[in-house]
Amino acid sequence: MATKQTEDAPRDMTDKSRCSGLMVRIRKFNPREVFTWQLAKTLAMGQGLAGLICGTAISSQYLATSFHVNTPMLQSLLNYTLLCVTYTTMLLCRTGDGNILQILKRRWWKYLLLGLVDVEANYAVVKAYQYTTLTSIQLLDCFVVPILMILSWWVLKARYRPIHYVAVSICLLGVGAMVGADLLAGRDQGSTSNILLGDGLVLLSASLYAVSNVCQEYMVKNHSRVEFLGMVGLFGTIFSTIQMVILERNDVAAIQWSWQVGLLFSAYALCMYALYSCMPIVIRLSSATSVNLSLLTADLFSLFCGIFLFQYNFSGLYLVSLVVILIGFITFNAVPTPTDRTEPTTSSSICEECYYENPVAAQNDITKQEVAVTITTEGGHYEEDQQGDGKKEKEWEGEDRRKRRRRRRKKRPSLPSQSLKPGDDVDVGRSTKM
């Protein structure tokens, strides 16, 4: 993004500058600085999402172990209700094409299916704990990454490079180290009543999560984050309410309510609400595949917390697993993911950045030099912001604009032929295209 020169150039610098009345200051930016900052921001936000998932896991485990509460649909209902109250209300207040009635008229069936998929994905993975082991869930849950890559290739036209497959393999190797540490530490917990059914539920949940995340990436990059969250909150509330009444009404009625139980329910709902609210932001910065790679560390964060809260045994492989997953995540984001898109699908400003799914690495492929132009004239101030070949007028102050423009048309001093260096002052005429 081009940076403006905020300070006005002095009007009495030289006779030459007075005669031409125009000054240009060129400034270069280092793409490596932008790349490093974007990568660090994406990494930090991804790990923040993993921390929120860790919060939901801890609160759910406390509810199950200490208070014998196992109501996943009720917990999901609280999250969807918060989304509905916040974002669906915002859509009700909008006018024009962004109004909820216009959105439902055009895309109601898409959001209905998306809400159903999201609700069932959350339910299937929680239900799987009743039939299979923790090790199976941790391993099979990684199935979401290859499905995401296939759907991104098909729906979003992402074209992955060999380094991306290597990066994903590194992340999965880190998950394998984590599962190995669990086995060495004796944490192969869970039921074995119907392992085949439990493993099938995990694979179903991973597939549904992949569909939900790809749809989420498409919606937030082509429409808006508020629209996506408002519609998911609306339909998620409807489906989770129906499913809770059918499947969990006896479990909900048997809950022994206390302030501790209420606090744990609130903690779960707030963590999920923050996760749903922030995840579209990170997906817009990177991609759904990248976000799910960063979420692989969520189980590790839960294990680290469990060492202090639930007296889990510690293994050095946990740290090795964390480092390996982070290395794979950074490798994946270090290389751009080009797509087959040649035109933006909408007029939204974010679509102009959609040539690459990963803007972190795409910084090296966009404009190498950004130019900030400040032009000072007698009695007026004119600024331009030039990036690449695009030129946009920002500001024109002063009196008698038409006369000044006519005067500038009569005499147009051209740019000097020699190369320009950062910080050089050069006299130009009306045209500043470089």
# chains A, B, ... in the order shown; residues from 1 in each chain; ligands from 1
$ residues_around --residues "Ile327 of chain A" --least-positions-apart "6" --cutoff "10 Å" --atoms "only C-alpha atoms" --output "PyMOL selection string"
chain A and resi 167+170-171+174+321
$ write_last_selection --atoms "all heavy atoms" --output "PDB file, in the first residue's frame"
ATOM      1  N   ALA A 167       4.847 -29.233   2.897  1.00  0.00           N
ATOM      2  CA  ALA A 167       4.501 -28.557   4.149  1.00  0.00           C
ATOM      3  C   ALA A 167       3.384 -29.287   4.881  1.00  0.00           C
ATOM      4  O   ALA A 167       3.435 -29.457   6.112  1.00  0.00           O
ATOM      5  CB  ALA A 167       4.097 -27.111   3.860  1.00  0.00           C
ATOM      6  N   ILE A 170       4.758 -32.324   6.513  1.00  0.00           N
ATOM      7  CA  ILE A 170       5.492 -31.976   7.742  1.00  0.00           C
ATOM      8  C   ILE A 170       4.516 -31.793   8.901  1.00  0.00           C
ATOM      9  O   ILE A 170       4.754 -32.278  10.028  1.00  0.00           O
ATOM     10  CB  ILE A 170       6.334 -30.709   7.518  1.00  0.00           C
ATOM     11  CG1 ILE A 170       7.459 -30.990   6.513  1.00  0.00           C
ATOM     12  CG2 ILE A 170       6.918 -30.208   8.833  1.00  0.00           C
ATOM     13  CD1 ILE A 170       8.242 -29.753   6.122  1.00  0.00           C
ATOM     14  N   CYS A 171       3.404 -31.090   8.654  1.00  0.00           N
ATOM     15  CA  CYS A 171       2.411 -30.893   9.716  1.00  0.00           C
ATOM     16  C   CYS A 171       1.827 -32.221  10.186  1.00  0.00           C
ATOM     17  O   CYS A 171       1.655 -32.446  11.397  1.00  0.00           O
ATOM     18  CB  CYS A 171       1.298 -29.974   9.218  1.00  0.00           C
ATOM     19  SG  CYS A 171       1.779 -28.252   8.986  1.00  0.00           S
ATOM     20  N   GLY A 174       4.113 -33.961  12.422  1.00  0.00           N
ATOM     21  CA  GLY A 174       4.032 -33.425  13.777  1.00  0.00           C
ATOM     22  C   GLY A 174       2.864 -34.000  14.550  1.00  0.00           C
ATOM     23  O   GLY A 174       2.977 -34.287  15.755  1.00  0.00           O
ATOM     24  N   SER A 321       6.586 -32.097  18.558  1.00  0.00           N
ATOM     25  CA  SER A 321       5.411 -32.031  17.697  1.00  0.00           C
ATOM     26  C   SER A 321       4.998 -30.587  17.424  1.00  0.00           C
ATOM     27  O   SER A 321       4.671 -30.227  16.282  1.00  0.00           O
ATOM     28  CB  SER A 321       4.252 -32.788  18.360  1.00  0.00           C
ATOM     29  OG  SER A 321       3.072 -32.648  17.622  1.00  0.00           O
TER      30      SER A 321
END
$ residues_around --residues "Leu104 of chain A" --least-positions-apart "6" --cutoff "12 Å" --atoms "only C-alpha atoms" --output "ChimeraX atom specification"
/A:88,91-92,97-98,110-112,227-228,230-232,234-235
$ select_by_dssp --residues "segment 255-352 of chain A" --states "helix (DSSP H, G or I)" --output "PyMOL selection string"
chain A and resi 259-285+288-309+316-333+349-352
$ residues_around --residues "Pro162 of chain A" --least-positions-apart "6" --cutoff "12 Å" --atoms "only C-alpha atoms" --output "ChimeraX atom specification"
/A:168-169,331-332,335-337
$ residues_around --residues "Val119 of chain A" --least-positions-apart "3" --cutoff "8 Å" --atoms "only C-alpha atoms" --output "JSON list (two decimals) with N, CA and C atoms, in the first residue's frame"
[["chain", "number", "residue", "atom", "x", "y", "z"],
["A", 76, "SER", "N", -23.59, -25.99, 21.58],
["A", 76, "SER", "CA", -23.57, -25.38, 20.25],
["A", 76, "SER", "C", -24.68, -24.35, 20.09],
["A", 115, "GLY", "N", -25.55, -24.09, 7.13],
["A", 115, "GLY", "CA", -25.86, -24.18, 8.56],
["A", 115, "GLY", "C", -26.04, -25.61, 9.01],
["A", 116, "LEU", "N", -26.70, -26.43, 8.19],
["A", 116, "LEU", "CA", -26.89, -27.84, 8.53],
["A", 116, "LEU", "C", -25.56, -28.58, 8.58],
["A", 122, "ASN", "N", -20.05, -30.37, 14.05],
["A", 122, "ASN", "CA", -19.76, -30.24, 15.48],
["A", 122, "ASN", "C", -20.32, -31.41, 16.28],
["A", 123, "TYR", "N", -21.50, -31.86, 15.90],
["A", 123, "TYR", "CA", -22.14, -32.94, 16.65],
["A", 123, "TYR", "C", -21.43, -34.28, 16.43],
["A", 236, "GLY", "N", -28.03, -22.03, 12.05],
["A", 236, "GLY", "CA", -27.45, -22.88, 13.08],
["A", 236, "GLY", "C", -28.31, -22.93, 14.32],
["A", 239, "PHE", "N", -31.41, -25.26, 13.46],
["A", 239, "PHE", "CA", -31.11, -26.69, 13.41],
["A", 239, "PHE", "C", -30.67, -27.24, 14.76],
["A", 240, "SER", "N", -29.84, -26.50, 15.50],
["A", 240, "SER", "CA", -29.37, -27.00, 16.79],
["A", 240, "SER", "C", -30.51, -27.06, 17.81]]
$ residues_around --residues "Ser266 of chain A" --least-positions-apart "5" --cutoff "12 Å" --atoms "only C-alpha atoms" --output "list in words"
Gly55, Thr56, Ser59, Ser60, Leu63, Leu74, Gln75, Ser76, Leu77, Leu78, Asn79, Leu82, Trp259, Gln260, Val261, Cys271, Met272 and Tyr273 of chain A
$ write_last_selection --atoms "all heavy atoms" --output "short mmCIF file (atom, residue, chain, number, x, y, z; two decimals), in the first residue's frame"
data_model
loop_
_atom_site.label_atom_id
_atom_site.label_comp_id
_atom_site.auth_asym_id
_atom_site.auth_seq_id
_atom_site.Cartn_x
_atom_site.Cartn_y
_atom_site.Cartn_z
N GLY A 55 -9.70 -23.71 24.78
CA GLY A 55 -10.64 -23.28 25.82
C GLY A 55 -11.95 -24.04 25.77
O GLY A 55 -12.51 -24.42 26.81
N THR A 56 -12.45 -24.32 24.56
CA THR A 56 -13.69 -25.11 24.45
C THR A 56 -13.47 -26.54 24.92
O THR A 56 -14.35 -27.13 25.57
CB THR A 56 -14.19 -25.12 22.99
OG1 THR A 56 -13.21 -25.76 22.15
CG2 THR A 56 -14.42 -23.71 22.49
N SER A 59 -13.26 -26.56 28.90
CA SER A 59 -14.56 -26.36 29.54
C SER A 59 -15.47 -27.58 29.34
O SER A 59 -16.19 -27.98 30.27
CB SER A 59 -15.23 -25.10 28.98
OG SER A 59 -15.35 -25.18 27.57
N SER A 60 -15.43 -28.18 28.14
CA SER A 60 -16.24 -29.38 27.91
C SER A 60 -15.78 -30.54 28.78
O SER A 60 -16.61 -31.30 29.31
CB SER A 60 -16.17 -29.78 26.43
OG SER A 60 -16.75 -28.80 25.61
N LEU A 63 -17.01 -30.06 32.30
CA LEU A 63 -18.44 -30.36 32.40
C LEU A 63 -18.67 -31.87 32.43
O LEU A 63 -19.52 -32.36 33.19
CB LEU A 63 -19.18 -29.74 31.21
CG LEU A 63 -19.42 -28.23 31.26
CD1 LEU A 63 -19.97 -27.74 29.92
CD2 LEU A 63 -20.39 -27.88 32.39
N LEU A 74 -26.65 -28.47 23.19
CA LEU A 74 -26.97 -27.30 24.00
C LEU A 74 -25.81 -26.30 23.97
O LEU A 74 -26.03 -25.08 23.86
CB LEU A 74 -27.26 -27.73 25.44
CG LEU A 74 -27.50 -26.59 26.44
CD1 LEU A 74 -28.68 -25.73 26.03
CD2 LEU A 74 -27.70 -27.15 27.86
N GLN A 75 -24.59 -26.81 24.06
CA GLN A 75 -23.43 -25.93 24.00
C GLN A 75 -23.33 -25.25 22.63
O GLN A 75 -23.02 -24.05 22.55
CB GLN A 75 -22.17 -26.74 24.30
CG GLN A 75 -22.12 -27.27 25.73
CD GLN A 75 -21.02 -28.30 25.94
OE1 GLN A 75 -21.26 -29.41 26.39
NE2 GLN A 75 -19.80 -27.94 25.60
N SER A 76 -23.59 -25.99 21.58
CA SER A 76 -23.57 -25.38 20.25
C SER A 76 -24.68 -24.35 20.09
O SER A 76 -24.50 -23.32 19.44
CB SER A 76 -23.71 -26.47 19.17
OG SER A 76 -22.60 -27.34 19.20
N LEU A 77 -25.84 -24.64 20.67
CA LEU A 77 -26.97 -23.71 20.57
C LEU A 77 -26.61 -22.35 21.18
O LEU A 77 -26.99 -21.30 20.65
CB LEU A 77 -28.20 -24.31 21.26
CG LEU A 77 -29.42 -23.39 21.35
CD1 LEU A 77 -29.92 -23.01 19.96
CD2 LEU A 77 -30.54 -24.08 22.15
N LEU A 78 -25.89 -22.37 22.30
CA LEU A 78 -25.48 -21.10 22.92
C LEU A 78 -24.61 -20.29 21.98
O LEU A 78 -24.76 -19.06 21.85
CB LEU A 78 -24.74 -21.38 24.23
CG LEU A 78 -25.56 -22.06 25.35
CD1 LEU A 78 -24.64 -22.36 26.54
CD2 LEU A 78 -26.72 -21.19 25.77
N ASN A 79 -23.68 -20.95 21.29
CA ASN A 79 -22.81 -20.26 20.35
C ASN A 79 -23.60 -19.68 19.18
O ASN A 79 -23.44 -18.50 18.81
CB ASN A 79 -21.75 -21.24 19.83
CG ASN A 79 -20.98 -20.69 18.65
OD1 ASN A 79 -20.49 -19.56 18.67
ND2 ASN A 79 -20.88 -21.47 17.60
N LEU A 82 -25.61 -16.61 20.14
CA LEU A 82 -24.81 -15.39 20.22
C LEU A 82 -24.52 -14.83 18.83
O LEU A 82 -24.59 -13.60 18.61
CB LEU A 82 -23.50 -15.67 20.95
CG LEU A 82 -23.60 -15.93 22.46
CD1 LEU A 82 -22.22 -16.31 23.02
CD2 LEU A 82 -24.13 -14.70 23.18
N TRP A 259 -23.53 -22.36 39.91
CA TRP A 259 -22.79 -21.26 39.29
C TRP A 259 -21.55 -21.78 38.56
O TRP A 259 -21.14 -21.21 37.55
CB TRP A 259 -22.39 -20.23 40.34
CG TRP A 259 -21.35 -20.69 41.34
CD1 TRP A 259 -21.58 -21.28 42.54
CD2 TRP A 259 -19.93 -20.60 41.18
NE1 TRP A 259 -20.39 -21.58 43.16
CE2 TRP A 259 -19.36 -21.16 42.35
CE3 TRP A 259 -19.10 -20.10 40.20
CZ2 TRP A 259 -17.98 -21.22 42.54
CZ3 TRP A 259 -17.73 -20.17 40.38
CH2 TRP A 259 -17.18 -20.72 41.55
N GLN A 260 -20.98 -22.91 39.03
CA GLN A 260 -19.84 -23.48 38.32
C GLN A 260 -20.24 -24.00 36.94
O GLN A 260 -19.56 -23.78 35.95
CB GLN A 260 -19.22 -24.62 39.13
CG GLN A 260 -18.59 -24.18 40.44
CD GLN A 260 -19.53 -24.39 41.62
OE1 GLN A 260 -20.75 -24.34 41.45
NE2 GLN A 260 -18.95 -24.64 42.79
N VAL A 261 -21.39 -24.70 36.89
CA VAL A 261 -21.88 -25.21 35.61
C VAL A 261 -22.19 -24.05 34.66
O VAL A 261 -21.85 -24.07 33.48
CB VAL A 261 -23.12 -26.10 35.83
CG1 VAL A 261 -23.73 -26.50 34.49
CG2 VAL A 261 -22.74 -27.34 36.62
N CYS A 271 -15.85 -18.80 24.03
CA CYS A 271 -14.71 -19.26 23.22
C CYS A 271 -15.16 -19.62 21.80
O CYS A 271 -14.50 -19.27 20.82
CB CYS A 271 -14.03 -20.46 23.89
SG CYS A 271 -13.05 -20.06 25.34
N MET A 272 -16.28 -20.31 21.69
CA MET A 272 -16.79 -20.67 20.37
C MET A 272 -17.23 -19.43 19.60
O MET A 272 -17.00 -19.33 18.38
CB MET A 272 -17.96 -21.64 20.51
CG MET A 272 -17.55 -23.06 20.86
SD MET A 272 -16.57 -23.86 19.55
CE MET A 272 -17.81 -24.09 18.30
N TYR A 273 -17.84 -18.50 20.28
CA TYR A 273 -18.27 -17.26 19.62
C TYR A 273 -17.06 -16.47 19.09
O TYR A 273 -17.08 -15.98 17.96
CB TYR A 273 -19.07 -16.40 20.61
CG TYR A 273 -19.43 -15.04 20.08
CD1 TYR A 273 -20.47 -14.88 19.16
CD2 TYR A 273 -18.76 -13.90 20.52
CE1 TYR A 273 -20.81 -13.63 18.68
CE2 TYR A 273 -19.09 -12.65 20.04
CZ TYR A 273 -20.12 -12.52 19.13
OH TYR A 273 -20.45 -11.28 18.65
#
$ closest_residue --among "A:Gln130, A:Thr42, A:Thr81, A:Gln102" --to "Phe329 of chain A" --atoms "only C-alpha atoms"
A:Thr42
$ residues_around --residues "segment 179-185 of chain A" --least-positions-apart "6" --cutoff "8 Å" --atoms "only C-alpha atoms" --output "PyMOL selection string"
chain A and resi 135+138-139+312-318
$ write_last_selection --atoms "N, CA and C atoms" --output "mmCIF file, in the first residue's frame"
data_model
loop_
_atom_site.group_PDB
_atom_site.id
_atom_site.type_symbol
_atom_site.label_atom_id
_atom_site.label_comp_id
_atom_site.auth_asym_id
_atom_site.auth_seq_id
_atom_site.Cartn_x
_atom_site.Cartn_y
_atom_site.Cartn_z
ATOM 1 N N THR A 135 -6.806 -41.463 20.441
ATOM 2 C CA THR A 135 -5.771 -41.581 19.413
ATOM 3 C C THR A 135 -6.382 -41.636 18.016
ATOM 4 N N GLN A 138 -7.665 -38.136 17.043
ATOM 5 C CA GLN A 138 -6.598 -37.192 16.690
ATOM 6 C C GLN A 138 -6.013 -37.497 15.311
ATOM 7 N N LEU A 139 -5.858 -38.766 14.995
ATOM 8 C CA LEU A 139 -5.284 -39.129 13.691
ATOM 9 C C LEU A 139 -6.274 -38.889 12.556
ATOM 10 N N TYR A 312 -1.904 -34.746 33.548
ATOM 11 C CA TYR A 312 -1.406 -35.575 32.450
ATOM 12 C C TYR A 312 0.099 -35.746 32.584
ATOM 13 N N ASN A 313 0.611 -36.843 32.058
ATOM 14 C CA ASN A 313 2.053 -37.059 32.032
ATOM 15 C C ASN A 313 2.672 -36.282 30.867
ATOM 16 N N PHE A 314 3.815 -35.659 31.134
ATOM 17 C CA PHE A 314 4.482 -34.853 30.111
ATOM 18 C C PHE A 314 5.482 -35.714 29.330
ATOM 19 N N SER A 315 5.582 -35.426 28.033
ATOM 20 C CA SER A 315 6.557 -36.093 27.177
ATOM 21 C C SER A 315 7.249 -35.041 26.318
ATOM 22 N N GLY A 316 8.549 -35.203 26.110
ATOM 23 C CA GLY A 316 9.294 -34.259 25.282
ATOM 24 C C GLY A 316 8.837 -34.251 23.826
ATOM 25 N N LEU A 317 8.165 -35.322 23.402
ATOM 26 C CA LEU A 317 7.659 -35.362 22.035
ATOM 27 C C LEU A 317 6.578 -34.320 21.794
ATOM 28 N N TYR A 318 5.924 -33.855 22.861
ATOM 29 C CA TYR A 318 4.924 -32.802 22.681
ATOM 30 C C TYR A 318 5.566 -31.530 22.126
#
$ residues_around --residues "Ala121 of chain A" --least-positions-apart "6" --cutoff "12 Å" --atoms "only C-alpha atoms" --output "number ranges by chain"
A: 72-73, 76, 114-115, 127-128, 141, 144, 201-213, 236, 240
$ atom_distance --atom1 "atom CA of Asp199 of chain A" --atom2 "atom CA of Val69 of chain A"
23.1 Å
$ atom_distance --atom1 "atom CA of Ala288 of chain A" --atom2 "atom CA of Glu217 of chain A"
6.2 Å
$ decode --residues "segment 116-174 of chain A" --atoms "C-alpha atoms" --output "PDB file, in the first residue's frame"
ATOM      1  CA  LEU A 116     -26.895 -27.841   8.528  1.00  0.00           C
ATOM      2  CA  VAL A 117     -23.384 -28.978   7.572  1.00  0.00           C
ATOM      3  CA  ASP A 118     -21.784 -26.871  10.315  1.00  0.00           C
ATOM      4  CA  VAL A 119     -24.138 -28.136  13.035  1.00  0.00           C
ATOM      5  CA  GLU A 120     -23.694 -31.785  12.097  1.00  0.00           C
ATOM      6  CA  ALA A 121     -19.891 -31.451  11.878  1.00  0.00           C
ATOM      7  CA  ASN A 122     -19.761 -30.236  15.478  1.00  0.00           C
ATOM      8  CA  TYR A 123     -22.140 -32.944  16.651  1.00  0.00           C
ATOM      9  CA  ALA A 124     -20.423 -35.853  14.862  1.00  0.00           C
ATOM     10  CA  VAL A 125     -16.966 -35.250  16.343  1.00  0.00           C
ATOM     11  CA  VAL A 126     -18.328 -34.950  19.905  1.00  0.00           C
ATOM     12  CA  LYS A 127     -20.424 -38.085  19.456  1.00  0.00           C
ATOM     13  CA  ALA A 128     -17.348 -40.000  18.224  1.00  0.00           C
ATOM     14  CA  TYR A 129     -15.765 -39.806  21.709  1.00  0.00           C
ATOM     15  CA  GLN A 130     -18.423 -42.239  22.951  1.00  0.00           C
ATOM     16  CA  TYR A 131     -17.341 -44.984  20.536  1.00  0.00           C
ATOM     17  CA  THR A 132     -13.624 -44.739  19.761  1.00  0.00           C
ATOM     18  CA  THR A 133     -10.314 -43.754  21.333  1.00  0.00           C
ATOM     19  CA  LEU A 134      -8.663 -40.363  21.580  1.00  0.00           C
ATOM     20  CA  THR A 135      -5.771 -41.581  19.413  1.00  0.00           C
ATOM     21  CA  SER A 136      -8.113 -42.511  16.558  1.00  0.00           C
ATOM     22  CA  ILE A 137      -9.863 -39.155  16.775  1.00  0.00           C
ATOM     23  CA  GLN A 138      -6.598 -37.192  16.690  1.00  0.00           C
ATOM     24  CA  LEU A 139      -5.284 -39.129  13.691  1.00  0.00           C
ATOM     25  CA  LEU A 140      -8.478 -39.283  11.638  1.00  0.00           C
ATOM     26  CA  ASP A 141      -9.359 -35.665  12.333  1.00  0.00           C
ATOM     27  CA  CYS A 142      -6.353 -34.682  10.168  1.00  0.00           C
ATOM     28  CA  PHE A 143      -8.334 -36.067   7.237  1.00  0.00           C
ATOM     29  CA  VAL A 144      -9.859 -32.576   6.980  1.00  0.00           C
ATOM     30  CA  VAL A 145      -6.631 -31.185   5.430  1.00  0.00           C
ATOM     31  CA  PRO A 146      -6.451 -33.358   2.264  1.00  0.00           C
ATOM     32  CA  ILE A 147     -10.208 -32.964   1.729  1.00  0.00           C
ATOM     33  CA  LEU A 148      -9.812 -29.201   2.058  1.00  0.00           C
ATOM     34  CA  MET A 149      -7.055 -29.182  -0.549  1.00  0.00           C
ATOM     35  CA  ILE A 150      -9.176 -31.203  -2.973  1.00  0.00           C
ATOM     36  CA  LEU A 151     -12.220 -28.954  -2.488  1.00  0.00           C
ATOM     37  CA  SER A 152     -10.098 -25.809  -2.755  1.00  0.00           C
ATOM     38  CA  TRP A 153      -8.657 -27.096  -6.025  1.00  0.00           C
ATOM     39  CA  TRP A 154     -12.134 -27.853  -7.358  1.00  0.00           C
ATOM     40  CA  VAL A 155     -14.247 -24.998  -5.963  1.00  0.00           C
ATOM     41  CA  LEU A 156     -11.772 -22.167  -5.371  1.00  0.00           C
ATOM     42  CA  LYS A 157      -9.464 -23.076  -8.279  1.00  0.00           C
ATOM     43  CA  ALA A 158      -6.401 -23.190  -6.022  1.00  0.00           C
ATOM     44  CA  ARG A 159      -3.319 -24.663  -7.645  1.00  0.00           C
ATOM     45  CA  TYR A 160      -0.938 -26.025  -5.030  1.00  0.00           C
ATOM     46  CA  ARG A 161       2.776 -26.351  -5.646  1.00  0.00           C
ATOM     47  CA  PRO A 162       5.010 -29.249  -4.553  1.00  0.00           C
ATOM     48  CA  ILE A 163       6.243 -27.247  -1.546  1.00  0.00           C
ATOM     49  CA  HIS A 164       2.677 -27.067  -0.233  1.00  0.00           C
ATOM     50  CA  TYR A 165       2.331 -30.842  -0.226  1.00  0.00           C
ATOM     51  CA  VAL A 166       5.676 -31.081   1.542  1.00  0.00           C
ATOM     52  CA  ALA A 167       4.501 -28.557   4.149  1.00  0.00           C
ATOM     53  CA  VAL A 168       1.275 -30.490   4.774  1.00  0.00           C
ATOM     54  CA  SER A 169       3.288 -33.711   5.157  1.00  0.00           C
ATOM     55  CA  ILE A 170       5.492 -31.976   7.742  1.00  0.00           C
ATOM     56  CA  CYS A 171       2.411 -30.893   9.716  1.00  0.00           C
ATOM     57  CA  LEU A 172       0.954 -34.403   9.635  1.00  0.00           C
ATOM     58  CA  LEU A 173       4.309 -35.747  10.794  1.00  0.00           C
ATOM     59  CA  GLY A 174       4.032 -33.425  13.777  1.00  0.00           C
TER      60      GLY A 174
END
